[in-house]
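J.: Quick one, final-v3.pdb (PDB, C-alpha atoms and all ligand atoms):
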```
ATOM      1  CA  MET A   1     -39.446  61.633 181.726
ATOM      2  CA  ASN A   2     -36.408  63.815 182.161
ATOM      3  CA  SER A   3     -34.009  61.206 183.432
ATOM      4  CA  THR A   4     -30.342  60.568 183.834
ATOM      5  CA  ARG A   5     -28.458  57.798 185.544
ATOM      6  CA  ARG A   6     -25.422  59.921 186.362
ATOM      7  CA  PRO A   7     -24.911  61.093 189.923
ATOM      8  CA  ASP A   8     -24.545  64.863 189.782
ATOM      9  CA  ARG A   9     -21.280  65.548 191.532
ATOM     10  CA  THR A  10     -21.585  69.295 191.387
ATOM     11  CA  ASP A  11     -23.674  69.447 194.578
ATOM     12  CA  GLY A  12     -22.197  69.295 198.036
ATOM     13  CA  SER A  13     -18.558  70.226 197.492
ATOM     14  CA  ASP A  14     -16.324  69.529 200.470
ATOM     15  CA  ASP A  15     -16.715  73.162 201.509
ATOM     16  CA  ASP A  16     -20.436  72.577 202.020
ATOM     17  CA  LEU A  17     -20.091  69.534 204.171
ATOM     18  CA  ASP A  18     -20.006  70.941 207.648
ATOM     19  CA  GLY A  19     -23.345  72.707 207.475
ATOM     20  CA  PRO A  20     -24.118  76.223 208.594
ATOM     21  CA  PRO A  21     -22.295  77.626 211.612
ATOM     22  CA  GLY A  22     -24.194  77.007 214.813
ATOM     23  CA  SER A  23     -25.929  73.854 213.563
ATOM     24  CA  ASP A  24     -26.141  71.127 216.158
ATOM     25  CA  PRO A  25     -24.807  68.086 214.343
ATOM     26  CA  ALA A  26     -25.622  65.119 216.524
ATOM     27  CA  GLY A  27     -26.253  66.411 219.976
ATOM     28  CA  ASP A  28     -23.603  65.131 222.310
ATOM     29  CA  ARG A  29     -21.968  62.775 219.796
ATOM     30  CA  PRO A  30     -21.320  64.941 216.783
ATOM     31  CA  MET A  31     -19.836  63.655 213.537
ATOM     32  CA  SER A  32     -19.459  66.159 210.728
ATOM     33  CA  LEU A  33     -21.151  65.634 207.396
ATOM     34  CA  ALA A  34     -17.719  65.037 205.845
ATOM     35  CA  GLU A  35     -16.996  62.292 208.377
ATOM     36  CA  ILE A  36     -20.382  60.690 207.712
ATOM     37  CA  ARG A  37     -19.716  60.817 203.976
ATOM     38  CA  ASP A  38     -16.275  59.223 204.427
ATOM     39  CA  SER A  39     -17.691  56.562 206.688
ATOM     40  CA  TYR A  40     -20.274  55.577 204.042
ATOM     41  CA  ALA A  41     -17.549  55.557 201.376
ATOM     42  CA  GLU A  42     -16.042  52.706 203.385
ATOM     43  CA  TYR A  43     -19.401  50.986 203.923
ATOM     44  CA  ALA A  44     -20.672  51.132 200.323
ATOM     45  CA  ASP A  45     -19.182  47.764 199.265
ATOM     46  CA  TRP A  46     -20.230  46.122 202.493
ATOM     47  CA  MET A  47     -23.784  47.448 202.230
ATOM     48  CA  GLU A  48     -24.107  46.193 198.688
ATOM     49  CA  ARG A  49     -22.759  42.767 199.634
ATOM     50  CA  PHE A  50     -25.193  42.423 202.515
ATOM     51  CA  ASP A  51     -28.148  43.902 200.673
ATOM     52  CA  TRP A  52     -29.841  40.471 200.715
ATOM     53  CA  PHE A  53     -29.690  40.464 204.511
ATOM     54  CA  ASP A  54     -31.070  43.999 204.737
ATOM     55  CA  ARG A  55     -33.946  43.018 202.472
ATOM     56  CA  LEU A  56     -34.613  39.968 204.623
ATOM     57  CA  LEU A  57     -34.942  42.195 207.694
ATOM     58  CA  THR A  58     -36.605  45.248 206.181
ATOM     59  CA  GLY A  59     -38.017  44.217 202.782
ATOM     60  CA  ARG A  60     -41.524  43.608 204.021
ATOM     61  CA  ALA A  61     -41.717  46.963 205.792
ATOM     62  CA  ARG A  62     -40.289  48.748 202.752
ATOM     63  CA  ARG A  63     -42.724  47.044 200.375
ATOM     64  CA  ARG A  64     -45.687  47.906 202.556
ATOM     65  CA  GLN A  65     -44.586  51.483 203.122
ATOM     66  CA  PHE A  66     -43.348  52.421 199.667
ATOM     67  CA  GLY A  67     -45.371  50.087 197.418
ATOM     68  CA  ASP A  68     -48.035  52.684 196.627
ATOM     69  CA  ALA A  69     -45.785  55.736 196.280
ATOM     70  CA  ALA A  70     -46.924  57.794 193.320
ATOM     71  CA  GLY A  71     -45.966  60.609 190.987
ATOM     72  CA  ARG A  72     -42.622  62.361 191.283
ATOM     73  CA  VAL A  73     -40.847  60.570 194.127
ATOM     74  CA  LEU A  74     -37.777  61.718 196.054
ATOM     75  CA  ASP A  75     -35.748  59.045 197.880
ATOM     76  CA  VAL A  76     -33.701  60.951 200.461
ATOM     77  CA  ALA A  77     -30.364  59.330 201.402
ATOM     78  CA  CYS A  78     -31.055  56.598 198.881
ATOM     79  CA  GLY A  79     -27.757  54.842 199.628
ATOM     80  CA  THR A  80     -27.179  51.905 197.294
ATOM     81  CA  GLY A  81     -30.815  52.145 196.152
ATOM     82  CA  THR A  82     -32.319  49.425 198.309
ATOM     83  CA  ASN A  83     -35.718  51.162 198.141
ATOM     84  CA  PHE A  84     -35.845  51.258 194.352
ATOM     85  CA  ARG A  85     -37.249  47.766 193.846
ATOM     86  CA  TYR A  86     -40.144  48.520 196.219
ATOM     87  CA  LEU A  87     -41.279  51.649 194.372
ATOM     88  CA  PRO A  88     -43.826  51.214 191.576
ATOM     89  CA  ARG A  89     -42.223  51.346 188.130
ATOM     90  CA  THR A  90     -44.628  54.144 187.192
ATOM     91  CA  VAL A  91     -43.045  56.713 189.513
ATOM     92  CA  GLU A  92     -40.611  59.382 188.378
ATOM     93  CA  LEU A  93     -37.718  58.554 190.674
ATOM     94  CA  VAL A  94     -35.172  61.019 192.042
ATOM     95  CA  GLY A  95     -32.580  59.780 194.549
ATOM     96  CA  VAL A  96     -30.156  61.889 196.566
ATOM     97  CA  ASP A  97     -27.297  60.944 198.854
ATOM     98  CA  ILE A  98     -24.205  62.613 200.252
ATOM     99  CA  SER A  99     -21.895  59.740 199.333
ATOM    100  CA  PRO A 100     -20.585  59.416 195.752
ATOM    101  CA  GLU A 101     -19.703  55.778 196.457
ATOM    102  CA  MET A 102     -23.264  54.972 197.518
ATOM    103  CA  LEU A 103     -24.636  56.827 194.483
ATOM    104  CA  ALA A 104     -22.411  54.793 192.160
ATOM    105  CA  LYS A 105     -23.951  51.621 193.609
ATOM    106  CA  ALA A 106     -27.429  53.131 193.253
ATOM    107  CA  GLU A 107     -26.720  53.919 189.627
ATOM    108  CA  ALA A 108     -25.662  50.306 188.993
ATOM    109  CA  ARG A 109     -28.820  49.139 190.710
ATOM    110  CA  LEU A 110     -31.000  51.251 188.414
ATOM    111  CA  ASP A 111     -29.280  49.524 185.502
ATOM    112  CA  ARG A 112     -29.814  46.067 186.993
ATOM    113  CA  LEU A 113     -33.485  46.811 187.630
ATOM    114  CA  GLY A 114     -33.888  48.337 184.162
ATOM    115  CA  ARG A 115     -35.316  51.518 185.646
ATOM    116  CA  ASP A 116     -34.956  55.212 184.922
ATOM    117  CA  GLY A 117     -34.093  57.631 187.645
ATOM    118  CA  THR A 118     -32.189  60.787 188.432
ATOM    119  CA  LEU A 119     -29.447  60.570 191.057
ATOM    120  CA  ARG A 120     -27.900  63.622 192.644
ATOM    121  CA  ARG A 121     -25.301  64.154 195.291
ATOM    122  CA  MET A 122     -26.928  66.348 197.891
ATOM    123  CA  ASP A 123     -27.132  67.063 201.620
ATOM    124  CA  ALA A 124     -30.539  66.017 202.950
ATOM    125  CA  GLN A 125     -30.386  68.944 205.364
ATOM    126  CA  HIS A 126     -30.249  71.435 202.472
ATOM    127  CA  LEU A 127     -32.211  69.966 199.579
ATOM    128  CA  ALA A 128     -31.616  71.847 196.321
ATOM    129  CA  PHE A 129     -35.234  71.528 195.169
ATOM    130  CA  ASP A 130     -38.062  74.024 195.043
ATOM    131  CA  ASP A 131     -40.860  73.962 197.582
ATOM    132  CA  ASP A 132     -43.674  71.504 196.795
ATOM    133  CA  SER A 133     -41.756  69.822 193.971
ATOM    134  CA  PHE A 134     -42.464  66.146 194.821
ATOM    135  CA  ASP A 135     -45.668  64.138 195.175
ATOM    136  CA  THR A 136     -44.047  61.635 197.541
ATOM    137  CA  VAL A 137     -40.910  61.816 199.658
ATOM    138  CA  VAL A 138     -39.533  58.512 200.919
ATOM    139  CA  SER A 139     -36.566  57.739 203.116
ATOM    140  CA  ALA A 140     -35.314  54.616 204.882
ATOM    141  CA  LEU A 141     -32.869  54.085 207.731
ATOM    142  CA  SER A 142     -31.570  57.607 207.353
ATOM    143  CA  THR A 143     -32.520  59.924 210.211
ATOM    144  CA  CYS A 144     -30.212  57.955 212.531
ATOM    145  CA  THR A 145     -27.239  59.174 210.541
ATOM    146  CA  PHE A 146     -28.064  62.764 209.604
ATOM    147  CA  PRO A 147     -26.068  65.233 211.694
ATOM    148  CA  ASP A 148     -29.295  67.210 212.073
ATOM    149  CA  PRO A 149     -32.267  64.881 211.464
ATOM    150  CA  VAL A 150     -34.804  67.567 212.367
ATOM    151  CA  ALA A 151     -33.473  69.853 209.613
ATOM    152  CA  ALA A 152     -33.577  66.969 207.113
ATOM    153  CA  LEU A 153     -37.182  66.082 207.989
ATOM    154  CA  ARG A 154     -38.209  69.725 207.642
ATOM    155  CA  GLU A 155     -36.580  69.792 204.224
ATOM    156  CA  MET A 156     -38.545  66.664 203.230
ATOM    157  CA  GLU A 157     -41.708  68.448 204.294
ATOM    158  CA  ARG A 158     -40.771  71.624 202.397
ATOM    159  CA  VAL A 159     -40.151  69.881 199.064
ATOM    160  CA  CYS A 160     -43.267  67.698 199.314
ATOM    161  CA  ARG A 161     -46.532  69.056 197.895
ATOM    162  CA  PRO A 162     -49.149  69.860 200.546
ATOM    163  CA  ASP A 163     -51.364  67.080 199.157
ATOM    164  CA  GLY A 164     -48.423  64.656 198.943
ATOM    165  CA  ARG A 165     -47.058  62.048 201.353
ATOM    166  CA  ILE A 166     -43.905  61.620 203.404
ATOM    167  CA  LEU A 167     -43.145  57.931 203.943
ATOM    168  CA  LEU A 168     -40.372  56.770 206.249
ATOM    169  CA  VAL A 169     -39.015  53.457 207.474
ATOM    170  CA  GLU A 170     -36.705  54.097 210.385
ATOM    171  CA  HIS A 171     -34.934  51.992 212.946
ATOM    172  CA  GLY A 172     -34.474  52.856 216.585
ATOM    173  CA  ARG A 173     -34.436  51.742 220.182
ATOM    174  CA  SER A 174     -36.061  48.343 220.601
ATOM    175  CA  SER A 175     -39.170  47.879 222.736
ATOM    176  CA  VAL A 176     -37.588  44.679 224.075
ATOM    177  CA  GLY A 177     -35.731  45.514 227.291
ATOM    178  CA  PRO A 178     -32.529  43.477 226.884
ATOM    179  CA  ILE A 179     -32.089  44.551 223.257
ATOM    180  CA  ALA A 180     -32.700  48.196 224.147
ATOM    181  CA  ARG A 181     -30.195  47.980 227.006
ATOM    182  CA  PHE A 182     -27.605  46.478 224.665
ATOM    183  CA  GLN A 183     -28.259  49.290 222.165
ATOM    184  CA  ASP A 184     -27.852  51.871 224.936
ATOM    185  CA  TRP A 185     -24.647  50.246 226.149
ATOM    186  CA  ARG A 186     -23.113  50.180 222.658
ATOM    187  CA  ALA A 187     -24.625  53.450 221.417
ATOM    188  CA  ASP A 188     -21.469  55.567 221.575
ATOM    189  CA  ALA A 189     -19.246  52.880 220.086
ATOM    190  CA  HIS A 190     -21.761  52.174 217.338
ATOM    191  CA  TYR A 191     -22.057  55.861 216.510
ATOM    192  CA  ARG A 192     -18.275  56.267 216.345
ATOM    193  CA  GLN A 193     -17.946  53.183 214.161
ATOM    194  CA  ALA A 194     -20.929  53.570 211.827
ATOM    195  CA  GLY A 195     -22.196  57.139 212.265
ATOM    196  CA  CYS A 196     -25.565  55.709 213.286
ATOM    197  CA  ARG A 197     -27.625  56.591 216.390
ATOM    198  CA  TRP A 198     -29.172  53.151 216.716
ATOM    199  CA  ASN A 199     -31.013  53.841 219.935
ATOM    200  CA  GLN A 200     -32.776  56.970 218.697
ATOM    201  CA  GLU A 201     -36.577  57.187 218.932
ATOM    202  CA  PRO A 202     -37.713  57.849 215.329
ATOM    203  CA  LEU A 203     -41.181  59.054 216.300
ATOM    204  CA  ALA A 204     -39.743  61.544 218.764
ATOM    205  CA  VAL A 205     -37.423  62.877 216.052
ATOM    206  CA  ALA A 206     -40.352  63.244 213.628
ATOM    207  CA  GLU A 207     -42.342  65.025 216.323
ATOM    208  CA  ARG A 208     -39.427  67.352 217.080
ATOM    209  CA  ALA A 209     -39.407  68.276 213.386
ATOM    210  CA  GLY A 210     -43.082  69.232 213.735
ATOM    211  CA  LEU A 211     -44.301  66.639 211.215
ATOM    212  CA  THR A 212     -48.003  65.820 211.261
ATOM    213  CA  ILE A 213     -47.848  62.055 211.713
ATOM    214  CA  THR A 214     -50.875  60.322 210.250
ATOM    215  CA  GLU A 215     -49.767  56.728 210.782
ATOM    216  CA  ALA A 216     -47.024  54.927 212.665
ATOM    217  CA  ARG A 217     -46.429  51.190 212.877
ATOM    218  CA  THR A 218     -43.672  49.463 214.774
ATOM    219  CA  GLY A 219     -42.515  46.002 213.718
ATOM    220  CA  PRO A 220     -41.383  42.945 215.693
ATOM    221  CA  LEU A 221     -38.852  43.729 218.450
ATOM    222  CA  GLY A 222     -39.903  47.372 218.142
ATOM    223  CA  ILE A 223     -36.845  48.249 216.118
ATOM    224  CA  LEU A 224     -38.345  49.238 212.764
ATOM    225  CA  THR A 225     -40.947  52.003 212.625
ATOM    226  CA  ALA A 226     -42.903  52.950 209.516
ATOM    227  CA  ILE A 227     -44.096  56.541 209.662
ATOM    228  CA  GLU A 228     -46.432  58.400 207.330
ATOM    229  CA  ALA A 229     -46.637  62.172 207.621
ATOM    230  CA  ASP A 230     -48.892  64.722 206.008
ATOM    231  CA  PRO A 231     -46.886  67.681 204.686
ATOM    232  CA  SER A 232     -49.805  70.129 204.534
TER     233      SER A 232
HETATM  234  C1  LIG B   1     -27.881  53.453 206.565
HETATM  235  S1  LIG B   1     -27.731  54.151 204.969
HETATM  236  C2  LIG B   1     -29.382  53.910 204.343
HETATM  237  C3  LIG B   1     -29.402  53.909 202.857
HETATM  238  C4  LIG B   1     -30.744  53.594 202.206
HETATM  239  N1  LIG B   1     -31.735  54.619 202.472
HETATM  240  C5  LIG B   1     -31.263  52.259 202.651
HETATM  241  O1  LIG B   1     -32.365  52.195 203.175
HETATM  242  O2  LIG B   1     -30.563  51.260 202.462
HETATM  243  C6  LIG B   1     -27.703  55.896 205.304
HETATM  244  C7  LIG B   1     -27.419  56.751 204.063
HETATM  245  O3  LIG B   1     -27.545  58.119 204.414
HETATM  246  C8  LIG B   1     -26.612  58.846 203.665
HETATM  247  N2  LIG B   1     -26.447  60.158 204.306
HETATM  248  C9  LIG B   1     -25.975  60.399 205.544
HETATM  249  N3  LIG B   1     -26.046  61.702 205.811
HETATM  250  C10 LIG B   1     -26.584  62.295 204.713
HETATM  251  C11 LIG B   1     -26.937  63.634 204.393
HETATM  252  N4  LIG B   1     -26.762  64.633 205.263
HETATM  253  N5  LIG B   1     -27.471  63.894 203.194
HETATM  254  C12 LIG B   1     -27.676  62.884 202.296
HETATM  255  N6  LIG B   1     -27.371  61.601 202.550
HETATM  256  C13 LIG B   1     -26.836  61.304 203.744
HETATM  257  C14 LIG B   1     -25.381  57.968 203.670
HETATM  258  O4  LIG B   1     -24.444  58.302 202.680
HETATM  259  C15 LIG B   1     -26.021  56.591 203.472
HETATM  260  O5  LIG B   1     -26.125  56.277 202.114
END
```
Please express the file's structure as structure tokens.
T.:
Amino acid sequence: MNSTRRPDRTDGSDDDLDGPPGSDPAGDRPMSLAEIRDSYAEYADWMERFDWFDRLLTGRARRRQFGDAAGRVLDVACGTGTNFRYLPRTVELVGVDISPEMLAKAEARLDRLGRDGTLRRMDAQHLAFDDDSFDTVVSALSTCTFPDPVAALREMERVCRPDGRILLVEHGRSSVGPIARFQDWRADAHYRQAGCRWNQEPLAVAERAGLTITEARTGPLGILTAIEADPS
């Protein structure tokens, strides 16, 4: 396996971070890619510290969704590498993220897990990989934060082989009325604070990207949605 643990810091210089002119970052609540990156620089320590809590809430969904990923696997917006433990050890793992701080944590996690993997700093909306270069593309809790989630999902589809799989675990607007109303009420504040559209509808975003959804499951409270899409 051609592997390295070092995040490649040559991708995504600051000049690249605002995306192409005319892109629609986040609808009516835009944060630039640079702002998102800086926000996750602040959150990296916090996310690592509360990883146990994240796994408590999402571990089961991640295991079920990613546990049979195979071949060359791309983890888009891998963050601190929370997905890594749920991926079979046989896969050839490549992780990308826009945040150097998150990638440093992901690198340490690879070491702790005793796994190989390649980590690269990269914008999910402009993946620097050839078409059809992965057997499986996975991503968790990410589309809520991409300035242009539709572009990122289309990139996932482009780099995934036609006979491969796109596997997502996303969070969004709850199906429980009071929770959903709270999310709506706090949506702007939450976005400004964390760069996360927590009341988005993940399936609607995937449909807007034109993905062929083959399976979708929503968990308790309707907040987590596992989506499988066919890239062909
Ligand atoms: C909520 S965290 C999720 C991290 C990880 N996937 C997980 O499940 O724990 C969102 C991640 O998306 C990354 N991110 C945001 N915008 C990005 C972009 N345009 N390209 C690549 N990564 C991005 C952030 O740096 C952060 O690590």
J.: Please give me, as a ChimeraX atom specification, the residues lying within 7 Å of ligand LIG 1 (chain B) when counting all atoms listed in the file.
T.: /A:33,36-37,40,76-83,96-99,102,122-125,139-142,145-147
J.: Of the candidates A:Leu93, A:Leu87, A:Met47, A:Ala70, which shows the shortest atom-to-atom distance to Asp163 of chain A, using only C-alpha atoms?
T.: A:Ala70
J.: For the file shown, report as a PyMOL selection string the outcome of the PyMOL selection byres (((chain A and resi 168) around 9) and not hetatm) at residue level.
T.: chain A and resi 62+65-66+137-142+166-167+169-170+225-229
J.: Using C-alpha atoms, can you export the residues from the last selection as a PDB file, in the coordinates of the input?
T.:
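Below is the file that was written, part25.pdb:
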```
ATOM      1  CA  ARG A  62     -40.289  48.748 202.752  1.00  0.00           C
ATOM      2  CA  GLN A  65     -44.586  51.483 203.122  1.00  0.00           C
ATOM      3  CA  PHE A  66     -43.348  52.421 199.667  1.00  0.00           C
ATOM      4  CA  VAL A 137     -40.910  61.816 199.658  1.00  0.00           C
ATOM      5  CA  VAL A 138     -39.533  58.512 200.919  1.00  0.00           C
ATOM      6  CA  SER A 139     -36.566  57.739 203.116  1.00  0.00           C
ATOM      7  CA  ALA A 140     -35.314  54.616 204.882  1.00  0.00           C
ATOM      8  CA  LEU A 141     -32.869  54.085 207.731  1.00  0.00           C
ATOM      9  CA  SER A 142     -31.570  57.607 207.353  1.00  0.00           C
ATOM     10  CA  ILE A 166     -43.905  61.620 203.404  1.00  0.00           C
ATOM     11  CA  LEU A 167     -43.145  57.931 203.943  1.00  0.00           C
ATOM     12  CA  VAL A 169     -39.015  53.457 207.474  1.00  0.00           C
ATOM     13  CA  GLU A 170     -36.705  54.097 210.385  1.00  0.00           C
ATOM     14  CA  THR A 225     -40.947  52.003 212.625  1.00  0.00           C
ATOM     15  CA  ALA A 226     -42.903  52.950 209.516  1.00  0.00           C
ATOM     16  CA  ILE A 227     -44.096  56.541 209.662  1.00  0.00           C
ATOM     17  CA  GLU A 228     -46.432  58.400 207.330  1.00  0.00           C
ATOM     18  CA  ALA A 229     -46.637  62.172 207.621  1.00  0.00           C
TER      19      ALA A 229
END
```
J.: Which is closer to Glu215 of chain A than all the others in A:Lys105, A:Arg154, A:Arg165, A:Arg85, using only C-alpha atoms?
T.: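 When distances to Glu215 of chain A are compared using only C-alpha atoms, the smallest one comes from A:Arg165.
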J.: Closest to Ala104 of chain A among A:Val159, A:Asp45, A:Glu35, A:Ile213, using only C-alpha atoms?
T.: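 Of A:Val159, A:Asp45, A:Glu35, A:Ile213, the one nearest Ala104 of chain A is A:Asp45, counting only C-alpha atoms.
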J.: Name the residues that the PyMOL selection byres (((chain A and resi 195) around 8) and not hetatm) pulls out of this structure, and write them as a VMD selection string.
T.: chain A and resid 31 36 39 145 190 to 194 196 to 197
J.: Quick one: which residues end up in the PyMOL selection byres (((chain A and resi 220) around 12) and not hetatm) for this structure, as an mmCIF file with C-alpha atoms, in the frame of the given file?
T.:
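The resulting file, result22.cif, is shown below:
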```
data_model
loop_
_atom_site.group_PDB
_atom_site.id
_atom_site.type_symbol
_atom_site.label_atom_id
_atom_site.label_comp_id
_atom_site.auth_asym_id
_atom_site.auth_seq_id
_atom_site.Cartn_x
_atom_site.Cartn_y
_atom_site.Cartn_z
ATOM 1 C CA LEU A 57 -34.942 42.195 207.694
ATOM 2 C CA THR A 58 -36.605 45.248 206.181
ATOM 3 C CA ARG A 60 -41.524 43.608 204.021
ATOM 4 C CA ALA A 61 -41.717 46.963 205.792
ATOM 5 C CA HIS A 171 -34.934 51.992 212.946
ATOM 6 C CA SER A 174 -36.061 48.343 220.601
ATOM 7 C CA SER A 175 -39.170 47.879 222.736
ATOM 8 C CA VAL A 176 -37.588 44.679 224.075
ATOM 9 C CA ARG A 217 -46.429 51.190 212.877
ATOM 10 C CA THR A 218 -43.672 49.463 214.774
ATOM 11 C CA GLY A 219 -42.515 46.002 213.718
ATOM 12 C CA LEU A 221 -38.852 43.729 218.450
ATOM 13 C CA GLY A 222 -39.903 47.372 218.142
ATOM 14 C CA ILE A 223 -36.845 48.249 216.118
ATOM 15 C CA LEU A 224 -38.345 49.238 212.764
ATOM 16 C CA THR A 225 -40.947 52.003 212.625
ATOM 17 C CA ALA A 226 -42.903 52.950 209.516
#
```
J.: Tell me, in Å to one decimal, how far atom CA of Arg173 of chain A is from atom CA of Arg208 of chain A.
T.: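 For atom CA of Arg173 of chain A relative to atom CA of Arg208 of chain A, the distance reads 16.7 Å.
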J.: Quick one: distance from atom CA of Glu101 of chain A to atom CA of Ala41 of chain A in Å, one decimal?
T.: 5.4 Å
J.: If I take atom CA of Arg158 of chain A and atom CA of Ala69 of chain A, how far is one from the other in Å, to one decimal?
T.: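 Computing the Euclidean distance for atom CA of Arg158 of chain A and atom CA of Ala69 of chain A yields 17.7 Å.
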J.: With all atoms listed in the file as the basis for distance, which of A:Ala187, A:Gly172, A:Gly71, A:Glu92 is at the shortest distance from Gln200 of chain A?
T.: A:Gly172
J.: Around the point (-51.9, 67.6, 200.2) in the file's coordinates, collect all residues with an atom within 8 Å, using all atoms listed in the file, and return them as a compact mmCIF listing (two decimals) with C-alpha atoms, keeping the file's coordinate frame.
T.:
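Written output follows (result-v3.txt):
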```
# COMPACT_ATOMS: atom_id res chain seq x y z
CA ARG A 161 -46.53 69.06 197.90
CA PRO A 162 -49.15 69.86 200.55
CA ASP A 163 -51.36 67.08 199.16
CA GLY A 164 -48.42 64.66 198.94
CA ARG A 165 -47.06 62.05 201.35
CA ASP A 230 -48.89 64.72 206.01
CA PRO A 231 -46.89 67.68 204.69
CA SER A 232 -49.80 70.13 204.53
```
J.: Which one is closest to Met156 of chain A: A:Pro88, A:Gly114, A:Gly210, A:Gly177? Count only C-alpha atoms.
T.: A:Gly210
J.: Using all atoms of segment 112-120 of chain A that appear in the file, construct an axis-aligned enclosing box with 3 Å of padding on every side and provide its centre coordinates and edge lengths in Å, rounded to one decimal, as lines of an AutoDock Vina configuration file.
T.:
```
center_x = -31.6
center_y = 54.8
center_z = 188.4
size_x = 13.4
size_y = 23.6
size_z = 14.5
```
